[in-house]
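*Asks:* One structure, as structure tokens, below. Some questions next.
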Amino acid sequence: MDRPIRVLVAKPGLDGHDRGAKVVARALRDAGMEVIYTGLRQTPQQIVAAAIQEDVDVVAMSILSGAHNHLFPKVVQILKDEGAEDILIVGGGVIPEDDIPGLKEAGVKEIFTPGTATTDVIEFIKNNVKRK
Amino acid sequence: MQLEEKLLNGDKRGCAKLISMVENNDKEAIDIIKKLYNHTGNAHIIGITGPPGGGKSTLTDRLAKALRKEDKKIGIIAIDPTSPFSGGSILGDRIRMNDLSLDKEVFIRSMGTRGYLGGLSKATQGAVKLLDIFGCDYIFIETVGVGQSEVDIVKTADTVIMVMVPGLGDDIQAIKAGVMEIGDIFAINKSDLMGASKTATEIKMMLDMSDNMERRPPVLQVTAIKNEGIDKLVDEIKNQMNYLEESNELYERRKNNAKTEIIKLVEEDIINLILKKNESIGMLDDIAHEVAIKVLDPYTAKDRVFNSIKEL
């Protein structure tokens, strides 16, 4: 039997807006994934530690504070340092168009901005996850 | 480095991978457990059970922190339900344990039940063994929020802490069979709420009625979120372990638990055999059809299935 895709849904940084993260978590659950939800105000180190202990296939981060250019690449970097570069990393939140190419270059595979259908997120994860 | 070495060296990533593999019934992981089985048995395995929202995760977090002060290595397996419809799940116990994520001597793993109904997940026992080999001194198993009859934890843990909260019911609830019978220690959490001492009294009165207990479970009032009563609870956990060791009860429990586990493993293999046989010749579907149209009874059907796997 195929094991379900495991996704860590995390909120890095200091904003307290987790409605979007919860909606996505719920949608992924309904798509048959195991979602580990870590809650608000996580440091990149905490996110990586959780991702490794939980042996997730995907790290999905949501941010609304504007600190995405700092925090997303940091998570990518620490995961790489830990030898976990096979984990698919995606991000979401209020992220300006202009910032997206830079984030992708840094290793975030896709950025989902407001208005994205949850089905698009699910499709993207299913098509891009590297199954071990 | 091989997974086996990684596990023995306390490498978290290696341990995490192996737990996934055990969840997946992977042969390599099972072979590693077979080989290293003599490294297990050092950890005190503690089940944390109780109703949903009772504060099991928060209490586990506080207990782990208290034991970290004594430099103990801690493993935590936190189980949440899997959806019977989509197969997905939201595993949210880590939210209460975020401070522990970065502690090098703490390993936390969330698991979905994946169809298991007794309050644990399919691979809980395998994960416990891996964390034991990994070198944990204490392994906490936090069950799903339980109702009245999810008692599998008692067949897996050395010690069961029943986490209760005030206001869930009266003294009749306390004398019902099921989960109320499995606690070695009762912790009334959220004891800053009204009715906590009444709940404690009801549980004590329930315990007064059982005169055949080897050891009377202590009943403690705690408030995990405020870190109140935690040290006392840690003391009781140690008292319980001392009692288990001195009375030979530890051996008895572990033997009983092993028996249950072996039966479960055999059961799984038999079921897989039947399903495999069914895949190749569609036997089960044919028999089920006959039972459905009432030309065959289920008992004779069972005999037929059983005979067919004996031929394999």
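Chain labels run A, B, ... following the order of the structure tokens; each chain numbers its residues from 1, and ligands are numbered from 1 in the order shown.
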If the cut-off is 8 Å, can you tell me the residues of chain B near chain A, counting only C-alpha atoms? I'd like them as a list in words.
*Replies:*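 The selection requested is Lys12, Arg13, Cys15, Ala16, Lys17, Ser20, Asn24, Ser86, Gly87, Gly88, Ser89, Ile90, Leu91, Gly92, Arg94, Ile95, Asn98, Ser101, Leu102, Phe107, Ile108, Arg109, Ser110 and Gly112 of chain B.
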*Asks:* Which distance in Å separates CA of Thr223 in chain B and CA of Asn189 in chain B, to one decimal?
*Replies:*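 According to the coordinates, CA of Thr223 in chain B and CA of Asn189 in chain B are separated by 5.2 Å.
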*Asks:* Which residue gives the smallest distance to Ile139 in chain B among B:Ala66, B:Lys204, B:Ile46, B:Asp71, with only C-alpha atoms counted?
*Replies:*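 Closest to Ile139 in chain B of all the choices is B:Ile46.
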*Asks:* Report as JSON lines: every residue of range 39-70 of chain B with an atom at most 12 Å from range 147-151 of chain B, its closest pair of atoms, and their distance in Å to one decimal, counting only C-alpha atoms, with rows sorted by chain and ascending residue number.
*Replies:*
{"residue": "B:Gly47", "atom": "CA", "partner": "B:Val151", "partner_atom": "CA", "distance": 10.4}
{"residue": "B:Ile48", "atom": "CA", "partner": "B:Val151", "partner_atom": "CA", "distance": 11.3}
{"residue": "B:Thr49", "atom": "CA", "partner": "B:Val151", "partner_atom": "CA", "distance": 9.0}
{"residue": "B:Gly50", "atom": "CA", "partner": "B:Gly147", "partner_atom": "CA", "distance": 7.7}
{"residue": "B:Pro51", "atom": "CA", "partner": "B:Gly147", "partner_atom": "CA", "distance": 6.0}
{"residue": "B:Pro52", "atom": "CA", "partner": "B:Gly147", "partner_atom": "CA", "distance": 8.2}
{"residue": "B:Gly53", "atom": "CA", "partner": "B:Gly147", "partner_atom": "CA", "distance": 11.6}
{"residue": "B:Gly54", "atom": "CA", "partner": "B:Gly147", "partner_atom": "CA", "distance": 11.5}
*Asks:* Near His44 in chain B, within 9 Å and counting only C-alpha atoms, which residues show up once chain neighbours fewer than 2 positions away are dropped, as a list in words?
*Replies:*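 Contacts, in chain order: Gly41, Asn42, Ile46, Asp132, Cys136, Asp137, Tyr138, Ile139, Phe140, Ala157, Asp158, Thr159 and Met241 of chain B.
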*Asks:* Would you work out the distance separating CA of Pro166 in chain B from CA of Ser83 in chain B, expressed in Å to one decimal?
*Replies:*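 Straight-line distance from CA of Pro166 in chain B to CA of Ser83 in chain B works out to 28.5 Å.
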*Asks:* Residues of range 186-283 of chain B in strand (DSSP E or B) according to DSSP, as an mmCIF file with N, CA, C and O atoms, in the first residue's frame?
*Replies:*
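Contents of selection_6.cif, freshly written:
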data_model
loop_
_atom_site.group_PDB
_atom_site.id
_atom_site.type_symbol
_atom_site.label_atom_id
_atom_site.label_comp_id
_atom_site.auth_asym_id
_atom_site.auth_seq_id
_atom_site.Cartn_x
_atom_site.Cartn_y
_atom_site.Cartn_z
ATOM 1 N N PHE B 186 -3.865 8.503 37.616
ATOM 2 C CA PHE B 186 -4.883 9.422 37.098
ATOM 3 C C PHE B 186 -4.394 10.849 37.294
ATOM 4 O O PHE B 186 -4.019 11.230 38.405
ATOM 5 N N ALA B 187 -4.377 11.620 36.211
ATOM 6 C CA ALA B 187 -4.009 13.031 36.306
ATOM 7 C C ALA B 187 -5.240 13.847 35.921
ATOM 8 O O ALA B 187 -5.720 13.759 34.798
ATOM 9 N N ILE B 188 -5.764 14.589 36.882
ATOM 10 C CA ILE B 188 -6.889 15.483 36.570
ATOM 11 C C ILE B 188 -6.276 16.786 36.095
ATOM 12 O O ILE B 188 -5.778 17.590 36.894
ATOM 13 N N VAL B 219 -4.149 9.481 42.362
ATOM 14 C CA VAL B 219 -4.973 10.468 41.655
ATOM 15 C C VAL B 219 -4.395 11.844 41.947
ATOM 16 O O VAL B 219 -4.333 12.255 43.102
ATOM 17 N N LEU B 220 -3.958 12.526 40.886
ATOM 18 C CA LEU B 220 -3.292 13.818 41.066
ATOM 19 C C LEU B 220 -4.036 14.921 40.347
ATOM 20 O O LEU B 220 -4.589 14.701 39.271
ATOM 21 N N GLN B 221 -4.016 16.105 40.945
ATOM 22 C CA GLN B 221 -4.560 17.265 40.240
ATOM 23 C C GLN B 221 -3.407 18.080 39.667
ATOM 24 O O GLN B 221 -2.488 18.449 40.393
ATOM 25 N N THR B 223 -2.241 21.178 36.511
ATOM 26 C CA THR B 223 -2.633 22.172 35.506
ATOM 27 C C THR B 223 -1.437 22.328 34.585
ATOM 28 O O THR B 223 -0.528 23.115 34.842
ATOM 29 N N GLU B 228 1.726 23.283 36.840
ATOM 30 C CA GLU B 228 1.434 22.987 38.249
ATOM 31 C C GLU B 228 1.189 21.492 38.439
ATOM 32 O O GLU B 228 0.406 20.879 37.711
#
*Asks:* If we count only C-alpha atoms and set the cut-off at 12 Å, which residues sit around Asn38 in chain B, ignoring sequence neighbours fewer than 5 positions away in its own chain? Please answer as JSON, numbers by chain.
*Replies:* {"B": [32, 33, 129, 130, 132, 133]}
*Asks:* Okay, now the selection with C-alpha atoms, as an mmCIF file, in the first residue's frame?
*Replies:*
data_model
loop_
_atom_site.group_PDB
_atom_site.id
_atom_site.type_symbol
_atom_site.label_atom_id
_atom_site.label_comp_id
_atom_site.auth_asym_id
_atom_site.auth_seq_id
_atom_site.Cartn_x
_atom_site.Cartn_y
_atom_site.Cartn_z
ATOM 1 C CA ILE B 32 17.000 -3.927 11.427
ATOM 2 C CA ILE B 33 14.586 -4.222 14.361
ATOM 3 C CA LYS B 129 11.097 -0.253 19.425
ATOM 4 C CA LEU B 130 13.046 2.066 17.143
ATOM 5 C CA ASP B 132 14.114 2.370 22.361
ATOM 6 C CA ILE B 133 17.085 1.328 20.207
#
*Asks:* Report as a PDB file with N, CA and C atoms, in the first residue's frame: the residues of range 49-140 of chain B with a DSSP assignment of alpha helix (DSSP H), based on the backbone of this structure.
*Replies:*
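Saved as selection02.pdb:
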ATOM      1  N   LYS B  56      -3.606  16.323  26.735  1.00  0.00           N
ATOM      2  CA  LYS B  56      -2.586  15.263  26.687  1.00  0.00           C
ATOM      3  C   LYS B  56      -1.269  15.771  26.104  1.00  0.00           C
ATOM      4  N   SER B  57      -1.358  16.527  25.013  1.00  0.00           N
ATOM      5  CA  SER B  57      -0.130  17.012  24.364  1.00  0.00           C
ATOM      6  C   SER B  57       0.606  17.990  25.264  1.00  0.00           C
ATOM      7  N   THR B  58      -0.133  18.915  25.861  1.00  0.00           N
ATOM      8  CA  THR B  58       0.488  19.904  26.744  1.00  0.00           C
ATOM      9  C   THR B  58       1.122  19.205  27.941  1.00  0.00           C
ATOM     10  N   LEU B  59       0.416  18.238  28.496  1.00  0.00           N
ATOM     11  CA  LEU B  59       0.959  17.511  29.649  1.00  0.00           C
ATOM     12  C   LEU B  59       2.213  16.729  29.245  1.00  0.00           C
ATOM     13  N   THR B  60       2.185  16.113  28.065  1.00  0.00           N
ATOM     14  CA  THR B  60       3.354  15.377  27.580  1.00  0.00           C
ATOM     15  C   THR B  60       4.542  16.324  27.438  1.00  0.00           C
ATOM     16  N   ASP B  61       4.266  17.502  26.887  1.00  0.00           N
ATOM     17  CA  ASP B  61       5.315  18.521  26.735  1.00  0.00           C
ATOM     18  C   ASP B  61       5.933  18.876  28.087  1.00  0.00           C
ATOM     19  N   ARG B  62       5.101  19.084  29.092  1.00  0.00           N
ATOM     20  CA  ARG B  62       5.609  19.477  30.414  1.00  0.00           C
ATOM     21  C   ARG B  62       6.375  18.325  31.068  1.00  0.00           C
ATOM     22  N   LEU B  63       5.872  17.119  30.914  1.00  0.00           N
ATOM     23  CA  LEU B  63       6.579  15.961  31.493  1.00  0.00           C
ATOM     24  C   LEU B  63       7.949  15.796  30.845  1.00  0.00           C
ATOM     25  N   ALA B  64       7.972  15.955  29.513  1.00  0.00           N
ATOM     26  CA  ALA B  64       9.246  15.816  28.802  1.00  0.00           C
ATOM     27  C   ALA B  64      10.235  16.872  29.295  1.00  0.00           C
ATOM     28  N   LYS B  65       9.749  18.095  29.451  1.00  0.00           N
ATOM     29  CA  LYS B  65      10.643  19.169  29.912  1.00  0.00           C
ATOM     30  C   LYS B  65      11.167  18.878  31.313  1.00  0.00           C
ATOM     31  N   ALA B  66      10.302  18.374  32.187  1.00  0.00           N
ATOM     32  CA  ALA B  66      10.740  18.061  33.552  1.00  0.00           C
ATOM     33  C   ALA B  66      11.817  16.975  33.528  1.00  0.00           C
ATOM     34  N   LEU B  67      11.632  15.979  32.675  1.00  0.00           N
ATOM     35  CA  LEU B  67      12.603  14.883  32.624  1.00  0.00           C
ATOM     36  C   LEU B  67      13.889  15.296  31.908  1.00  0.00           C
ATOM     37  N   ARG B  68      13.799  16.287  31.039  1.00  0.00           N
ATOM     38  CA  ARG B  68      14.999  16.800  30.385  1.00  0.00           C
ATOM     39  C   ARG B  68      15.934  17.454  31.397  1.00  0.00           C
ATOM     40  N   THR B 124       2.656   1.824  15.727  1.00  0.00           N
ATOM     41  CA  THR B 124       3.098   2.367  17.021  1.00  0.00           C
ATOM     42  C   THR B 124       4.156   1.479  17.661  1.00  0.00           C
ATOM     43  N   GLN B 125       3.897   0.171  17.683  1.00  0.00           N
ATOM     44  CA  GLN B 125       4.821  -0.721  18.368  1.00  0.00           C
ATOM     45  C   GLN B 125       6.203  -0.745  17.724  1.00  0.00           C
ATOM     46  N   GLY B 126       6.222  -0.711  16.394  1.00  0.00           N
ATOM     47  CA  GLY B 126       7.494  -0.661  15.684  1.00  0.00           C
ATOM     48  C   GLY B 126       8.247   0.623  16.001  1.00  0.00           C
ATOM     49  N   ALA B 127       7.512   1.734  16.028  1.00  0.00           N
ATOM     50  CA  ALA B 127       8.143   3.025  16.307  1.00  0.00           C
ATOM     51  C   ALA B 127       8.700   3.057  17.728  1.00  0.00           C
ATOM     52  N   VAL B 128       7.968   2.455  18.663  1.00  0.00           N
ATOM     53  CA  VAL B 128       8.445   2.397  20.050  1.00  0.00           C
ATOM     54  C   VAL B 128       9.771   1.642  20.112  1.00  0.00           C
ATOM     55  N   LYS B 129       9.852   0.534  19.406  1.00  0.00           N
ATOM     56  CA  LYS B 129      11.097  -0.253  19.425  1.00  0.00           C
ATOM     57  C   LYS B 129      12.247   0.559  18.854  1.00  0.00           C
ATOM     58  N   LEU B 130      11.988   1.258  17.755  1.00  0.00           N
ATOM     59  CA  LEU B 130      13.046   2.066  17.143  1.00  0.00           C
ATOM     60  C   LEU B 130      13.531   3.149  18.102  1.00  0.00           C
ATOM     61  N   LEU B 131      12.603   3.803  18.787  1.00  0.00           N
ATOM     62  CA  LEU B 131      13.004   4.865  19.720  1.00  0.00           C
ATOM     63  C   LEU B 131      13.753   4.285  20.920  1.00  0.00           C
ATOM     64  N   ASP B 132      13.415   3.063  21.278  1.00  0.00           N
ATOM     65  CA  ASP B 132      14.114   2.370  22.361  1.00  0.00           C
ATOM     66  C   ASP B 132      15.566   2.088  21.939  1.00  0.00           C
ATOM     67  N   ILE B 133      15.737   1.574  20.740  1.00  0.00           N
ATOM     68  CA  ILE B 133      17.085   1.328  20.207  1.00  0.00           C
ATOM     69  C   ILE B 133      17.848   2.644  20.047  1.00  0.00           C
TER      70      ILE B 133
END
*Asks:* Quick one: residues within 12 Å of Glu105 in chain A, only C-alpha atoms counted, chain neighbours fewer than 4 positions away excluded, as a PyMOL selection string?
*Replies:* chain A and resi 69+72-73+76+99-101+109-111
*Asks:* With a distance cut-off of 12 Å and only C-alpha atoms, select the neighbouring residues of Glu214 in chain B, excluding the residue or stretch itself and same-chain residues fewer than 3 positions from it, and output the selection as number ranges by chain.
*Replies:* B: 184, 207, 210-211, 217, 240, 243-244, 247-249
